[in-house]
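Below is one structure; the comments refer to it alone.
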Amino acid sequence: MLRTTAAAVLAAAAATALAVPATAAPQPVQVHLGEVKCQDLSSTVAMVPELQEAFQDAAHTPVVGYRITAGPDAPMTEYQFKVNGEVKGSGAVGAEGLVSSSTSIPNNKQVLVEVTSGDKVLATRTYHPTC
């Protein structure tokens, strides 16, 4: 009788464990892509004339901020920040690390922003800036 009762209790416990939905494991690295902010970079371009070609209309420059955070057990993770497939920034973030940066994107065009690590896409977003 004791054996039958123990078997029934174990079977019920196993069924309960299987019925409880598994929670997704937290991602070791999380990426937040911010909203577009219009910046006036005229004074920066005036001080560094080499930037003139990159900023045709420096007074109306769309800028996107991003933040990458790593959990307490995250391995060192390399990343690339891409705008329309072109790498605009790269680096690495490790356990409990934080990367906070921003970059300019093309104005008045559809823009695809991706943050990748190797072949894995960590975040992606399409913007339509009008500054």
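If you're wondering about the labels, chains in the structure tokens are A, B, ... by order shown, residues count from 1 in each chain, ligands from 1 in order shown.
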
Tell me, as a PDB file with N, CA, C and O atoms, in the first residue's frame, which residues lie within 7 Å of stretch 25-39 of chain A, counting only C-alpha atoms; anything in the same chain fewer than 6 positions away does not count.
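For reference, part_7.pdb as written:
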ATOM      1  N   ALA A  59      22.654  70.660 -39.827  1.00  0.00           N
ATOM      2  CA  ALA A  59      21.667  71.275 -38.937  1.00  0.00           C
ATOM      3  C   ALA A  59      20.455  70.374 -38.711  1.00  0.00           C
ATOM      4  O   ALA A  59      19.703  70.567 -37.762  1.00  0.00           O
ATOM      5  N   HIS A  60      20.260  69.393 -39.575  1.00  0.00           N
ATOM      6  CA  HIS A  60      19.110  68.485 -39.501  1.00  0.00           C
ATOM      7  C   HIS A  60      19.597  67.042 -39.563  1.00  0.00           C
ATOM      8  O   HIS A  60      19.414  66.350 -40.560  1.00  0.00           O
ATOM      9  N   THR A  61      20.207  66.597 -38.474  1.00  0.00           N
ATOM     10  CA  THR A  61      20.805  65.258 -38.433  1.00  0.00           C
ATOM     11  C   THR A  61      20.016  64.339 -37.498  1.00  0.00           C
ATOM     12  O   THR A  61      19.937  64.604 -36.297  1.00  0.00           O
ATOM     13  N   PRO A  62      19.439  63.253 -38.035  1.00  0.00           N
ATOM     14  CA  PRO A  62      18.771  62.294 -37.166  1.00  0.00           C
ATOM     15  C   PRO A  62      19.805  61.418 -36.446  1.00  0.00           C
ATOM     16  O   PRO A  62      20.778  60.964 -37.041  1.00  0.00           O
ATOM     17  N   VAL A  63      19.589  61.232 -35.155  1.00  0.00           N
ATOM     18  CA  VAL A  63      20.501  60.443 -34.328  1.00  0.00           C
ATOM     19  C   VAL A  63      19.677  59.408 -33.560  1.00  0.00           C
ATOM     20  O   VAL A  63      18.615  59.725 -33.028  1.00  0.00           O
ATOM     21  N   VAL A  64      20.193  58.167 -33.512  1.00  0.00           N
ATOM     22  CA  VAL A  64      19.536  57.097 -32.765  1.00  0.00           C
ATOM     23  C   VAL A  64      20.470  56.642 -31.654  1.00  0.00           C
ATOM     24  O   VAL A  64      21.639  56.338 -31.902  1.00  0.00           O
ATOM     25  N   GLY A  65      19.943  56.599 -30.448  1.00  0.00           N
ATOM     26  CA  GLY A  65      20.706  56.095 -29.313  1.00  0.00           C
ATOM     27  C   GLY A  65      20.430  54.612 -29.115  1.00  0.00           C
ATOM     28  O   GLY A  65      19.375  54.109 -29.506  1.00  0.00           O
ATOM     29  N   TYR A  66      21.395  53.925 -28.531  1.00  0.00           N
ATOM     30  CA  TYR A  66      21.186  52.518 -28.203  1.00  0.00           C
ATOM     31  C   TYR A  66      21.886  52.186 -26.898  1.00  0.00           C
ATOM     32  O   TYR A  66      22.825  52.852 -26.492  1.00  0.00           O
ATOM     33  N   ARG A  67      21.343  51.161 -26.238  1.00  0.00           N
ATOM     34  CA  ARG A  67      21.903  50.723 -24.965  1.00  0.00           C
ATOM     35  C   ARG A  67      21.969  49.194 -24.988  1.00  0.00           C
ATOM     36  O   ARG A  67      21.003  48.538 -25.330  1.00  0.00           O
ATOM     37  N   ILE A  68      23.119  48.661 -24.610  1.00  0.00           N
ATOM     38  CA  ILE A  68      23.315  47.219 -24.533  1.00  0.00           C
ATOM     39  C   ILE A  68      23.689  46.890 -23.093  1.00  0.00           C
ATOM     40  O   ILE A  68      24.644  47.463 -22.561  1.00  0.00           O
ATOM     41  N   THR A  69      22.933  46.006 -22.462  1.00  0.00           N
ATOM     42  CA  THR A  69      23.217  45.611 -21.088  1.00  0.00           C
ATOM     43  C   THR A  69      23.412  44.107 -21.025  1.00  0.00           C
ATOM     44  O   THR A  69      22.768  43.347 -21.753  1.00  0.00           O
ATOM     45  N   ALA A  70      24.316  43.688 -20.168  1.00  0.00           N
ATOM     46  CA  ALA A  70      24.607  42.259 -20.000  1.00  0.00           C
ATOM     47  C   ALA A  70      24.238  41.833 -18.590  1.00  0.00           C
ATOM     48  O   ALA A  70      24.459  42.568 -17.634  1.00  0.00           O
ATOM     49  N   GLY A  71      23.677  40.641 -18.484  1.00  0.00           N
ATOM     50  CA  GLY A  71      23.293  40.093 -17.189  1.00  0.00           C
ATOM     51  C   GLY A  71      24.508  39.700 -16.367  1.00  0.00           C
ATOM     52  O   GLY A  71      25.650  39.728 -16.845  1.00  0.00           O
ATOM     53  N   ASP A  73      25.655  36.866 -15.419  1.00  0.00           N
ATOM     54  CA  ASP A  73      26.409  35.684 -15.859  1.00  0.00           C
ATOM     55  C   ASP A  73      26.687  35.695 -17.361  1.00  0.00           C
ATOM     56  O   ASP A  73      27.042  34.664 -17.933  1.00  0.00           O
ATOM     57  N   ALA A  74      26.515  36.832 -17.995  1.00  0.00           N
ATOM     58  CA  ALA A  74      26.693  36.910 -19.451  1.00  0.00           C
ATOM     59  C   ALA A  74      28.158  36.717 -19.834  1.00  0.00           C
ATOM     60  O   ALA A  74      29.046  37.282 -19.199  1.00  0.00           O
ATOM     61  N   LEU A 122      20.616  40.654 -32.515  1.00  0.00           N
ATOM     62  CA  LEU A 122      20.185  40.941 -31.141  1.00  0.00           C
ATOM     63  C   LEU A 122      18.998  41.903 -31.122  1.00  0.00           C
ATOM     64  O   LEU A 122      18.157  41.832 -30.234  1.00  0.00           O
ATOM     65  N   ALA A 123      18.952  42.825 -32.084  1.00  0.00           N
ATOM     66  CA  ALA A 123      17.840  43.787 -32.172  1.00  0.00           C
ATOM     67  C   ALA A 123      17.815  44.355 -33.583  1.00  0.00           C
ATOM     68  O   ALA A 123      18.858  44.474 -34.239  1.00  0.00           O
ATOM     69  N   PRO A 129      13.235  58.665 -40.434  1.00  0.00           N
ATOM     70  CA  PRO A 129      13.482  59.977 -39.847  1.00  0.00           C
ATOM     71  C   PRO A 129      13.177  61.128 -40.796  1.00  0.00           C
ATOM     72  O   PRO A 129      13.414  61.044 -41.997  1.00  0.00           O
ATOM     73  N   CYS A 131      14.000  65.025 -40.210  1.00  0.00           N
ATOM     74  CA  CYS A 131      14.493  66.131 -39.384  1.00  0.00           C
ATOM     75  C   CYS A 131      14.566  67.401 -40.191  1.00  0.00           C
ATOM     76  O   CYS A 131      14.760  67.400 -41.363  1.00  0.00           O
TER      77      CYS A 131
END

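Shell of stretch 112-120 of chain A at 6 Å, with only C-alpha atoms counted and residues fewer than 3 places along the chain excluded, is Glu78, Tyr79, Gln80, Phe81, Lys82, Val83, Asn84, Ala123, Thr124, Arg125 and Thr126 of chain A.
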
Please produce an output containing C-alpha atoms for each residue in the selection, written as a CSV table (one decimal), in the first residue's frame.
chain,number,residue,atom,x,y,z
A,78,GLU,CA,31.0,41.1,-29.3
A,79,TYR,CA,28.5,43.2,-31.2
A,80,GLN,CA,28.2,45.3,-34.3
A,81,PHE,CA,25.8,48.3,-34.8
A,82,LYS,CA,24.8,48.4,-38.4
A,83,VAL,CA,22.9,51.1,-40.4
A,84,ASN,CA,21.5,49.7,-43.7
A,123,ALA,CA,17.8,43.8,-32.2
A,124,THR,CA,16.5,45.3,-35.4
A,125,ARG,CA,14.3,48.3,-36.1
A,126,THR,CA,13.2,50.3,-39.1

Write down as a compact mmCIF listing (two decimals) with N, CA and C atoms, in the first residue's frame the residues of stretch 24-78 of chain A whose backbone DSSP state falls under alpha helix (DSSP H).
# COMPACT_ATOMS: atom_id res chain seq x y z
N SER A 42 25.86 71.42 -36.69
CA SER A 42 26.56 72.45 -37.47
C SER A 42 27.86 72.89 -36.82
N SER A 43 27.84 73.12 -35.52
CA SER A 43 29.04 73.61 -34.85
C SER A 43 30.14 72.53 -34.84
N THR A 44 29.76 71.30 -34.72
CA THR A 44 30.75 70.20 -34.74
C THR A 44 31.39 70.10 -36.11
N VAL A 45 30.58 70.18 -37.16
CA VAL A 45 31.11 70.09 -38.53
C VAL A 45 31.98 71.31 -38.83
N ALA A 46 31.62 72.48 -38.31
CA ALA A 46 32.44 73.68 -38.52
C ALA A 46 33.82 73.53 -37.88
N MET A 47 33.88 72.86 -36.73
CA MET A 47 35.17 72.66 -36.05
C MET A 47 36.01 71.56 -36.70

Practice problem: Give me the residues within 9 Å of A:Pro72 as a PyMOL selection string, counting only C-alpha atoms and dropping any in the same chain fewer than 3 places off. | Solution: chain A and resi 28+75+94-97

Practice problem: From a DSSP calculation on the backbone, collect every residue of stretch 58-122 of chain A in strand (DSSP E) and output the set as a PyMOL selection string. | Solution: chain A and resi 61-70+77-83+86-93+98-104+111-117+120-122
